[in-house]
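Okay, input.cif now, which holds mmCIF, C-alpha atoms and all ligand atoms:
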data_query
#
loop_
_atom_site.label_atom_id
_atom_site.label_comp_id
_atom_site.auth_asym_id
_atom_site.auth_seq_id
_atom_site.Cartn_x
_atom_site.Cartn_y
_atom_site.Cartn_z
CA MET K 228 43.18 28.34 180.59
CA SER K 229 40.42 28.16 178.02
CA ASN K 230 41.12 28.60 174.35
CA GLU K 231 38.99 31.76 174.35
CA ILE K 232 41.32 33.43 176.86
CA LEU K 233 44.39 32.31 174.95
CA GLU K 234 42.89 33.57 171.72
CA SER K 235 41.26 36.84 172.75
CA ASP K 236 44.01 38.16 175.02
CA MET K 237 46.92 36.75 173.19
CA ARG K 238 46.28 36.87 169.46
CA ASN K 239 48.21 40.07 168.89
CA LYS K 240 50.99 39.53 171.40
CA PRO K 241 54.54 38.61 170.38
CA PHE K 242 55.46 34.93 170.23
CA GLY K 243 57.48 34.98 173.49
CA THR K 244 54.52 36.35 175.44
CA ARG K 245 52.13 33.85 173.87
CA LEU K 246 54.55 31.01 174.57
CA ARG K 247 54.88 31.89 178.26
CA ALA K 248 51.08 32.14 178.61
CA ALA K 249 50.55 28.79 176.87
CA MET K 250 53.17 27.04 179.02
CA ASP K 251 51.70 28.59 182.20
CA ALA K 252 48.26 27.34 181.17
CA ARG K 253 49.06 23.87 179.87
CA GLY K 254 52.55 23.03 181.17
CA PRO K 255 55.86 23.41 179.32
CA LEU K 256 55.82 20.23 177.20
CA CYS K 257 56.34 20.53 173.44
CA VAL K 258 55.22 17.41 171.57
CA GLY K 259 57.25 16.78 168.45
CA ILE K 260 55.22 15.31 165.59
CA ASP K 261 57.74 13.11 163.78
CA PRO K 262 55.85 10.50 161.75
CA HIS K 263 58.73 8.07 161.27
CA GLN K 264 58.02 5.03 159.13
CA HIS K 265 58.55 2.74 162.15
CA LEU K 266 55.92 4.70 164.11
CA LEU K 267 53.39 4.38 161.27
CA ASP K 268 54.12 0.63 161.37
CA SER K 269 53.66 0.41 165.12
CA TRP K 270 50.34 2.29 164.84
CA GLY K 271 49.21 -0.28 162.23
CA LEU K 272 49.26 2.32 159.44
CA PRO K 273 50.60 2.07 155.89
CA ASP K 274 53.64 4.11 154.85
CA THR K 275 51.53 6.29 152.57
CA VAL K 276 50.13 9.80 152.65
CA GLU K 277 46.87 8.32 154.02
CA GLY K 278 48.83 6.65 156.83
CA LEU K 279 50.65 9.93 157.49
CA ALA K 280 47.31 11.78 157.70
CA SER K 281 45.76 9.23 160.11
CA PHE K 282 48.84 9.35 162.32
CA THR K 283 49.11 13.15 162.37
CA TYR K 284 45.41 13.85 162.92
CA GLY K 285 45.37 11.11 165.60
CA VAL K 286 48.00 13.10 167.51
CA VAL K 287 46.17 16.39 166.85
CA ASP K 288 42.77 15.02 168.00
CA ALA K 289 44.23 13.50 171.16
CA LEU K 290 46.47 16.35 172.30
CA ALA K 291 45.65 19.70 170.63
CA ASP K 292 43.48 20.95 173.50
CA ARG K 293 45.89 20.03 176.31
CA VAL K 294 49.49 20.50 175.16
CA ALA K 295 50.96 24.02 174.90
CA VAL K 296 53.33 23.56 171.97
CA PHE K 297 53.75 21.19 169.02
CA LYS K 298 56.76 20.84 166.77
CA PRO K 299 55.96 19.01 163.54
CA GLN K 300 59.13 17.83 161.81
CA SER K 301 58.80 18.96 158.18
CA ALA K 302 61.07 16.19 156.84
CA PHE K 303 58.56 13.46 157.60
CA PHE K 304 55.82 15.37 155.73
CA GLU K 305 58.05 16.37 152.79
CA ARG K 306 58.84 12.66 152.40
CA PHE K 307 55.36 12.30 150.83
CA GLY K 308 55.62 15.35 148.51
CA SER K 309 52.78 17.83 148.12
CA GLY K 310 50.25 15.45 149.76
CA GLY K 311 52.43 15.26 152.86
CA VAL K 312 52.91 19.03 152.98
CA ALA K 313 49.11 19.45 152.78
CA VAL K 314 48.82 17.29 155.92
CA LEU K 315 51.37 19.55 157.65
CA GLU K 316 49.33 22.61 156.63
CA GLN K 317 46.07 21.14 157.92
CA ALA K 318 47.61 19.92 161.16
CA THR K 319 49.13 23.36 161.80
CA ILE K 320 45.77 25.05 161.24
CA ARG K 321 43.92 22.60 163.52
CA LEU K 322 46.49 22.83 166.31
CA ARG K 323 46.41 26.61 166.31
CA GLU K 324 42.59 26.65 166.26
CA ALA K 325 42.71 24.54 169.44
CA GLY K 326 44.86 27.19 171.17
CA ALA K 327 48.20 25.39 170.82
CA LEU K 328 51.34 27.02 169.43
CA VAL K 329 53.11 25.43 166.46
CA ILE K 330 56.86 25.48 165.83
CA ILE K 331 57.54 24.09 162.37
CA ASP K 332 60.85 22.29 162.49
CA ALA K 333 62.27 22.89 159.01
CA LYS K 334 65.73 24.21 160.01
CA ARG K 335 65.76 26.69 157.13
CA GLY K 336 68.75 28.89 156.39
CA ASP K 337 69.83 30.69 153.20
CA ILE K 338 71.02 34.02 151.81
CA GLY K 339 68.95 37.19 152.17
CA THR K 340 66.35 37.08 149.42
CA THR K 341 65.89 33.31 149.61
CA MET K 342 65.60 33.51 153.38
CA ALA K 343 62.88 36.10 152.80
CA GLY K 344 61.01 33.49 150.73
CA TYR K 345 61.14 30.97 153.58
CA ALA K 346 60.07 33.68 156.03
CA SER K 347 57.00 34.58 153.99
CA ALA K 348 56.05 30.89 153.62
CA TYR K 349 56.19 30.07 157.34
CA LEU K 350 56.03 33.29 159.35
CA SER K 351 53.70 35.69 157.54
CA GLU K 352 50.09 35.14 158.61
CA LYS K 353 49.25 35.18 154.88
CA GLY K 354 51.70 32.34 154.20
CA PRO K 355 50.37 28.86 153.39
CA LEU K 356 52.26 27.30 156.29
CA ALA K 357 51.80 30.15 158.76
CA CYS K 358 52.96 28.96 162.15
CA ASP K 359 54.01 30.52 165.45
CA ALA K 360 57.75 29.89 165.11
CA LEU K 361 60.25 28.28 162.77
CA THR K 362 63.56 26.50 163.45
CA VAL K 363 66.38 28.11 161.46
CA SER K 364 70.04 27.36 160.81
CA PRO K 365 72.62 30.16 161.31
CA TYR K 366 75.51 28.59 159.39
CA LEU K 367 75.35 31.11 156.55
CA GLY K 368 76.06 33.73 159.22
CA PHE K 369 73.73 35.04 161.93
CA GLY K 370 73.09 38.14 159.79
CA SER K 371 71.70 35.96 156.96
CA LEU K 372 68.69 35.35 159.23
CA GLN K 373 67.72 39.05 159.16
CA PRO K 374 64.80 38.66 156.69
CA ALA K 375 63.31 35.99 158.97
CA ILE K 376 63.90 38.19 162.02
CA ASP K 377 62.14 41.09 160.27
CA GLU K 378 59.19 38.93 159.21
CA ALA K 379 58.90 37.44 162.73
CA LEU K 380 58.81 40.94 164.25
CA GLU K 381 56.18 42.03 161.73
CA ALA K 382 53.99 38.94 162.26
CA GLY K 383 54.45 38.50 166.03
CA ALA K 384 56.10 35.13 165.33
CA GLY K 385 59.28 33.59 166.68
CA LEU K 386 62.46 31.83 165.59
CA PHE K 387 64.52 29.05 167.14
CA VAL K 388 68.13 29.26 166.00
CA LEU K 389 70.39 26.21 166.22
CA ALA K 390 73.02 26.85 168.89
CA LEU K 391 74.13 23.71 170.76
CA THR K 392 72.36 20.83 169.04
CA SER K 393 71.67 17.42 170.56
CA ASN K 394 73.59 15.37 167.98
CA PRO K 395 77.18 14.25 168.66
CA GLU K 396 78.50 15.95 165.46
CA GLY K 397 77.30 19.41 166.57
CA PRO K 398 80.45 20.54 168.47
CA GLN K 399 82.61 20.23 165.31
CA PHE K 400 81.23 23.59 164.14
CA GLN K 401 79.40 24.92 167.18
CA SER K 402 82.49 24.85 169.47
CA ALA K 403 84.78 26.36 166.81
CA ARG K 404 86.05 29.90 167.47
CA THR K 405 84.94 32.86 165.39
CA ALA K 406 87.22 35.79 164.45
CA ASP K 407 86.25 37.67 167.63
CA GLY K 408 87.20 34.72 169.86
CA SER K 409 83.71 33.59 170.86
CA THR K 410 82.52 30.14 169.85
CA VAL K 411 80.04 29.83 166.99
CA ALA K 412 77.37 28.81 169.53
CA GLY K 413 78.35 31.77 171.71
CA ALA K 414 77.99 34.16 168.76
CA VAL K 415 74.49 32.77 168.07
CA LEU K 416 73.51 33.17 171.75
CA ASN K 417 74.90 36.74 171.79
CA GLY K 418 72.87 37.60 168.67
CA LEU K 419 69.71 36.25 170.29
CA ARG K 420 70.41 38.08 173.58
CA GLU K 421 70.58 41.36 171.64
CA LEU K 422 67.32 40.64 169.82
CA ASN K 423 65.52 39.86 173.11
CA ALA K 424 67.04 42.74 175.10
CA ASP K 425 63.82 44.76 175.29
CA ALA K 426 61.42 41.90 176.01
CA ASP K 427 59.73 42.02 179.43
CA ASP K 428 59.60 38.35 180.32
CA LEU K 429 60.35 36.09 177.40
CA GLY K 430 61.59 37.33 174.03
CA SER K 431 60.52 35.76 170.74
CA PHE K 432 63.97 34.73 169.53
CA GLY K 433 64.97 31.35 170.92
CA ALA K 434 67.94 29.02 170.81
CA VAL K 435 67.98 25.27 170.22
CA VAL K 436 70.05 23.62 172.94
CA GLY K 437 69.95 19.85 173.19
CA ALA K 438 69.11 18.19 176.50
CA THR K 439 71.89 15.70 175.74
CA ILE K 440 74.87 18.08 175.80
CA SER K 441 75.57 17.34 179.51
CA SER K 442 76.84 20.87 180.31
CA THR K 443 78.13 24.02 178.64
CA ASP K 444 80.25 27.04 179.50
CA GLU K 445 78.08 29.22 177.25
CA ASP K 446 75.75 31.79 178.84
CA LEU K 447 72.23 30.50 178.12
CA ASN K 448 70.51 33.54 179.67
CA ILE K 449 69.26 35.10 176.43
CA ASN K 450 65.93 36.39 177.78
CA GLY K 451 64.30 34.09 175.24
CA PRO K 452 63.05 30.51 174.98
CA LEU K 453 65.45 27.56 174.88
CA LEU K 454 64.07 24.68 172.84
CA ALA K 455 65.44 21.47 174.32
CA PRO K 456 65.11 18.42 172.08
CA GLY K 457 66.97 15.20 172.85
CA LEU K 458 64.64 14.11 175.66
CA GLY K 459 63.37 10.54 175.85
CA ALA K 460 64.51 8.63 172.76
CA GLN K 461 67.92 10.40 172.62
CA GLY K 462 68.58 9.81 176.33
CA GLY K 463 67.88 13.24 177.89
CA THR K 464 65.77 13.29 181.09
CA ALA K 465 64.04 15.91 183.23
CA ASP K 466 67.11 15.87 185.50
CA SER K 467 69.41 16.64 182.54
CA LEU K 468 67.54 19.93 182.10
CA THR K 469 68.72 21.28 185.47
CA LYS K 470 72.31 20.25 184.70
CA VAL K 471 72.41 21.71 181.18
CA PHE K 472 70.41 24.90 181.71
CA GLY K 473 71.28 25.98 185.27
CA THR K 474 69.85 29.43 186.01
CA ALA K 475 68.16 29.60 182.58
CA VAL K 476 66.02 26.51 183.21
CA ARG K 477 62.78 28.48 183.59
CA ASN K 478 62.93 29.42 179.88
CA VAL K 479 63.30 25.85 178.62
CA VAL K 480 60.73 24.38 176.23
CA PRO K 481 61.25 20.62 176.64
CA SER K 482 60.54 18.86 173.36
CA SER K 483 59.89 15.16 172.98
CA SER K 484 58.72 13.25 169.92
CA ARG K 485 59.19 9.47 169.80
CA GLU K 486 58.80 9.11 173.58
CA ILE K 487 55.21 10.41 173.38
CA LEU K 488 54.22 9.23 169.89
CA GLY K 489 55.23 5.63 170.69
CA ALA K 490 52.31 5.45 173.15
CA GLY K 491 49.73 5.71 170.30
CA PRO K 492 47.49 5.09 168.50
CA ASP K 493 45.18 4.93 171.53
CA ALA K 494 44.16 8.54 172.38
CA THR K 495 44.05 7.92 176.14
CA ALA K 496 47.50 6.34 176.08
CA LEU K 497 48.85 9.37 174.16
CA GLN K 498 47.21 11.72 176.65
CA ASP K 499 48.67 9.77 179.60
CA ALA K 500 52.16 9.81 178.07
CA ALA K 501 51.95 13.58 177.47
CA ALA K 502 50.60 14.20 180.98
CA ARG K 503 53.41 12.14 182.57
CA ALA K 504 56.09 14.00 180.60
CA ASN K 505 54.47 17.38 181.30
CA ASP K 506 54.36 16.64 185.07
CA ALA K 507 58.02 15.60 185.12
CA TYR K 508 59.14 18.77 183.29
CA ARG K 509 56.77 21.03 185.29
CA ALA K 510 58.42 19.94 188.52
CA VAL K 511 61.94 20.64 187.24
CA LEU K 512 61.18 23.91 185.40
CA GLY K 513 59.13 25.44 188.24
CA TYR K 514 55.66 25.55 186.61
O1 LIG I 1 65.60 21.59 166.11
C1 LIG I 1 65.25 20.53 166.65
O2 LIG I 1 64.13 20.34 167.07
C2 LIG I 1 66.30 19.52 166.92
C3 LIG I 1 67.55 20.01 167.24
C4 LIG I 1 68.49 19.16 167.82
O3 LIG I 1 69.56 19.59 168.24
N1 LIG I 1 68.19 17.85 167.96
C5 LIG I 1 66.98 17.32 167.59
O4 LIG I 1 66.76 16.12 167.79
N2 LIG I 1 66.05 18.14 166.98
C6 LIG I 1 64.78 17.58 166.46
O5 LIG I 1 63.98 17.13 167.54
C7 LIG I 1 63.32 15.91 167.20
C8 LIG I 1 63.78 14.83 168.17
O6 LIG I 1 62.93 13.73 168.15
P1 LIG I 1 62.95 12.62 169.31
O7 LIG I 1 64.38 12.22 169.50
O8 LIG I 1 62.11 11.52 168.77
O9 LIG I 1 62.34 13.22 170.55
C9 LIG I 1 63.65 15.63 165.74
O10 LIG I 1 62.64 16.20 164.93
C10 LIG I 1 64.95 16.38 165.52
O11 LIG I 1 65.13 16.83 164.19
#

Rewrite the structure of this file - the entire thing - as structure tokens.
Ligand SMILES: O=C(O)c1cc(=O)[nH]c(=O)n1[C@@H]1O[C@H](COP(=O)(O)O)[C@@H](O)[C@H]1O
Amino acid sequence: MSNEILESDMRNKPFGTRLRAAMDARGPLCVGIDPHQHLLDSWGLPDTVEGLASFTYGVVDALADRVAVFKPQSAFFERFGSGGVAVLEQATIRLREAGALVIIDAKRGDIGTTMAGYASAYLSEKGPLACDALTVSPYLGFGSLQPAIDEALEAGAGLFVLALTSNPEGPQFQSARTADGSTVAGAVLNGLRELNADADDLGSFGAVVGATISSTDEDLNINGPLLAPGLGAQGGTADSLTKVFGTAVRNVVPSSSREILGAGPDATALQDAAARANDAYRAVLGY
């Protein structure tokens, strides 16, 4: 699908609708942009803001017109202070201009008015870091996310709420029981299911569910996207997606960072790595 079609038909649609269209057009792969120091080294770049910029724009130039979704990891930009955040801003603008969707992975979460500040920074189209969706943390209570939910609805943006994360420490809190007997992860998934209840195909309020969790008893059918990190470097594979997600697999957004970025700096090698990953996930997710 050309960028013109994505832009003209889609600009005013909710995030979930835009996400489905982008994945239909370009395949489901989400490329994580995580400029680790060791990756800058392996690309022959210095561990400076200039190195960060060369790395990030190298990924953008190679992949922006062919990958549906990107997930820059804010931590690796914040590491360089305001100069690093400026690279994140520029990369987000360039990716979106090329018709890709951008999920900024900042895992924000705070009380009402502070959450509203994060929401206006990342989700409002007038915000300096305006993106298509933001990762958020529900551990101050699902209701504490309301200002971000409101801003996302207003802006046609999306959220990805941590539910069953890929790291081994996650179950300590996520499997704990809440006062009503559901697990913490289950309460998050229920909250998202309610938010997406009226969406036709794919709602705009997603869950983060790691590809490494092997299986879960939770109901992942939330009528919204399921961001699945943990692929490649953390051991998850295309086959793990069928096992973890079962009947919800069609709504998975498979996200991989180091596995793809390690192929650089050569643009063709990056494109080949992304195409291989996209083909593997396409086959499993039914695209
Ligand atoms: O929200 C995320 O994206 C996330 C959630 C999670 O449960 N596990 C997880 O690894 N992530 C992020 O996904 C990326 C994984 O990178 P790779 O392991 O290199 O593919 C990192 O930016 C993590 O912060």

**Asked** Using only C-alpha atoms and all ligand atoms, what are the residues with an atom within 8 Å of ligand LIG 1 (chain I), set out as number ranges by chain?
**Response** K: 259-261, 298-300, 332-334, 362, 387, 389, 391-394, 397, 435-437, 454-461, 482-486

**Message:** So that I can see what lies close to Asp427 of chain K, please list as a PyMOL selection string the residues with an atom at most 12 Å from it, counting all atoms listed in the file and leaving out residues fewer than 2 positions away in the same chain.
**Reply:** chain K and resi 241+243-244+247+423-425+429-431+450-451

Convert the current residue selection to file output with C-alpha atoms, as a compact mmCIF listing (two decimals), keeping the file's coordinate frame.
# COMPACT_ATOMS: atom_id res chain seq x y z
CA PRO K 241 54.54 38.61 170.38
CA GLY K 243 57.48 34.98 173.49
CA THR K 244 54.52 36.35 175.44
CA ARG K 247 54.88 31.89 178.26
CA ASN K 423 65.52 39.86 173.11
CA ALA K 424 67.04 42.74 175.10
CA ASP K 425 63.82 44.76 175.29
CA LEU K 429 60.35 36.09 177.40
CA GLY K 430 61.59 37.33 174.03
CA SER K 431 60.52 35.76 170.74
CA ASN K 450 65.93 36.39 177.78
CA GLY K 451 64.30 34.09 175.24

**Prompt:** In Å, with one decimal, what is the gap from atom CA of Asn478 of chain K to atom CA of Cys257 of chain K?
**Reply:**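 Interatomic distance here is 12.8 Å.
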
**Prompt:** Which one is closest to Gln317 of chain K: K:Gln264, K:Asn505, K:Thr283, K:Ser442? Count all atoms listed in the file.
**Reply:**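 Of all the options, K:Thr283 lies closest to Gln317 of chain K.
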
**Asked** Which residue, K:Ala384, K:Ala379, K:Leu488, K:Val511, has the smallest gap to His263 of chain K when you use only C-alpha atoms?
**Response** K:Leu488

Please report, as JSON, the centre and edge lengths in Å to one decimal of an axis-aligned box covering all listed atoms of segment 327-346 of chain K with 6 Å per side.
{"center_x": 59.6, "center_y": 29.7, "center_z": 160.1, "size_x": 34.8, "size_y": 26.9, "size_z": 33.4}

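Atom pair atom CA of Glu396 of chain K / atom CA of Asn417 of chain K has a distance of 22.0 Å (rounded to one decimal).
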
**Message:** Excluding Ile338 of chain K and its own-chain neighbours fewer than 5 positions away, which residues fall within 10 Å of it when counting only C-alpha atoms? Please give them as an MDAnalysis selection string.
**Reply:** chainID K and resid 343 367:368 370:374

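The residue that comes closest to Gly285 of chain K, out of K:Ser409, K:Ser402, K:Gln498, K:Asn448 and on the basis of all atoms listed in the file, is K:Gln498.
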
**Message:** Show me the residues around (58.4, 16.7, 183.8) - criterion: an atom at most 12 Å away, only C-alpha atoms counted - as a PyMOL selection string.
**Reply:** chain K and resi 254-257+458-459+463-469+479-483+500-514

**Message:** Given only C-alpha atoms as the basis, pick out the residue of K:Gly310, K:Gly462, K:Gly408, K:Gly339 nearest to Phe369 of chain K.
**Reply:** K:Gly339

**Asked** Rounded to one decimal in Å, what is the spacing between atom CA of Val363 of chain K and atom CA of Glu277 of chain K?
**Response**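 So the two atoms, atom CA of Val363 of chain K and atom CA of Glu277 of chain K, lie 28.8 Å apart.
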
At a cut-off of 8 Å, using all atoms listed in the file, what residues contact Ala382 of chain K? Leave out same-chain residues fewer than 6 positions from it and give the result as a PDB file with C-alpha atoms, in the frame of the given file.
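Saved result, out.pdb, follows:
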ATOM      1  CA  LEU K 350      56.030  33.290 159.350  1.00  0.00           C
ATOM      2  CA  SER K 351      53.700  35.690 157.540  1.00  0.00           C
ATOM      3  CA  GLU K 352      50.090  35.140 158.610  1.00  0.00           C
TER       4      GLU K 352
END

**Prompt:** Of the candidates K:Ala289, K:Ala496, K:Ala280, K:Val294, which shows the shortest atom-to-atom distance to Ala249 of chain K, using all atoms listed in the file?
**Reply:**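 Nearest candidate to Ala249 of chain K out of K:Ala289, K:Ala496, K:Ala280, K:Val294: K:Val294.
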
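Closest approach to Pro452 of chain K among K:Leu380, K:Ile440, K:Leu416, K:Val312: K:Leu416, based on only C-alpha atoms.
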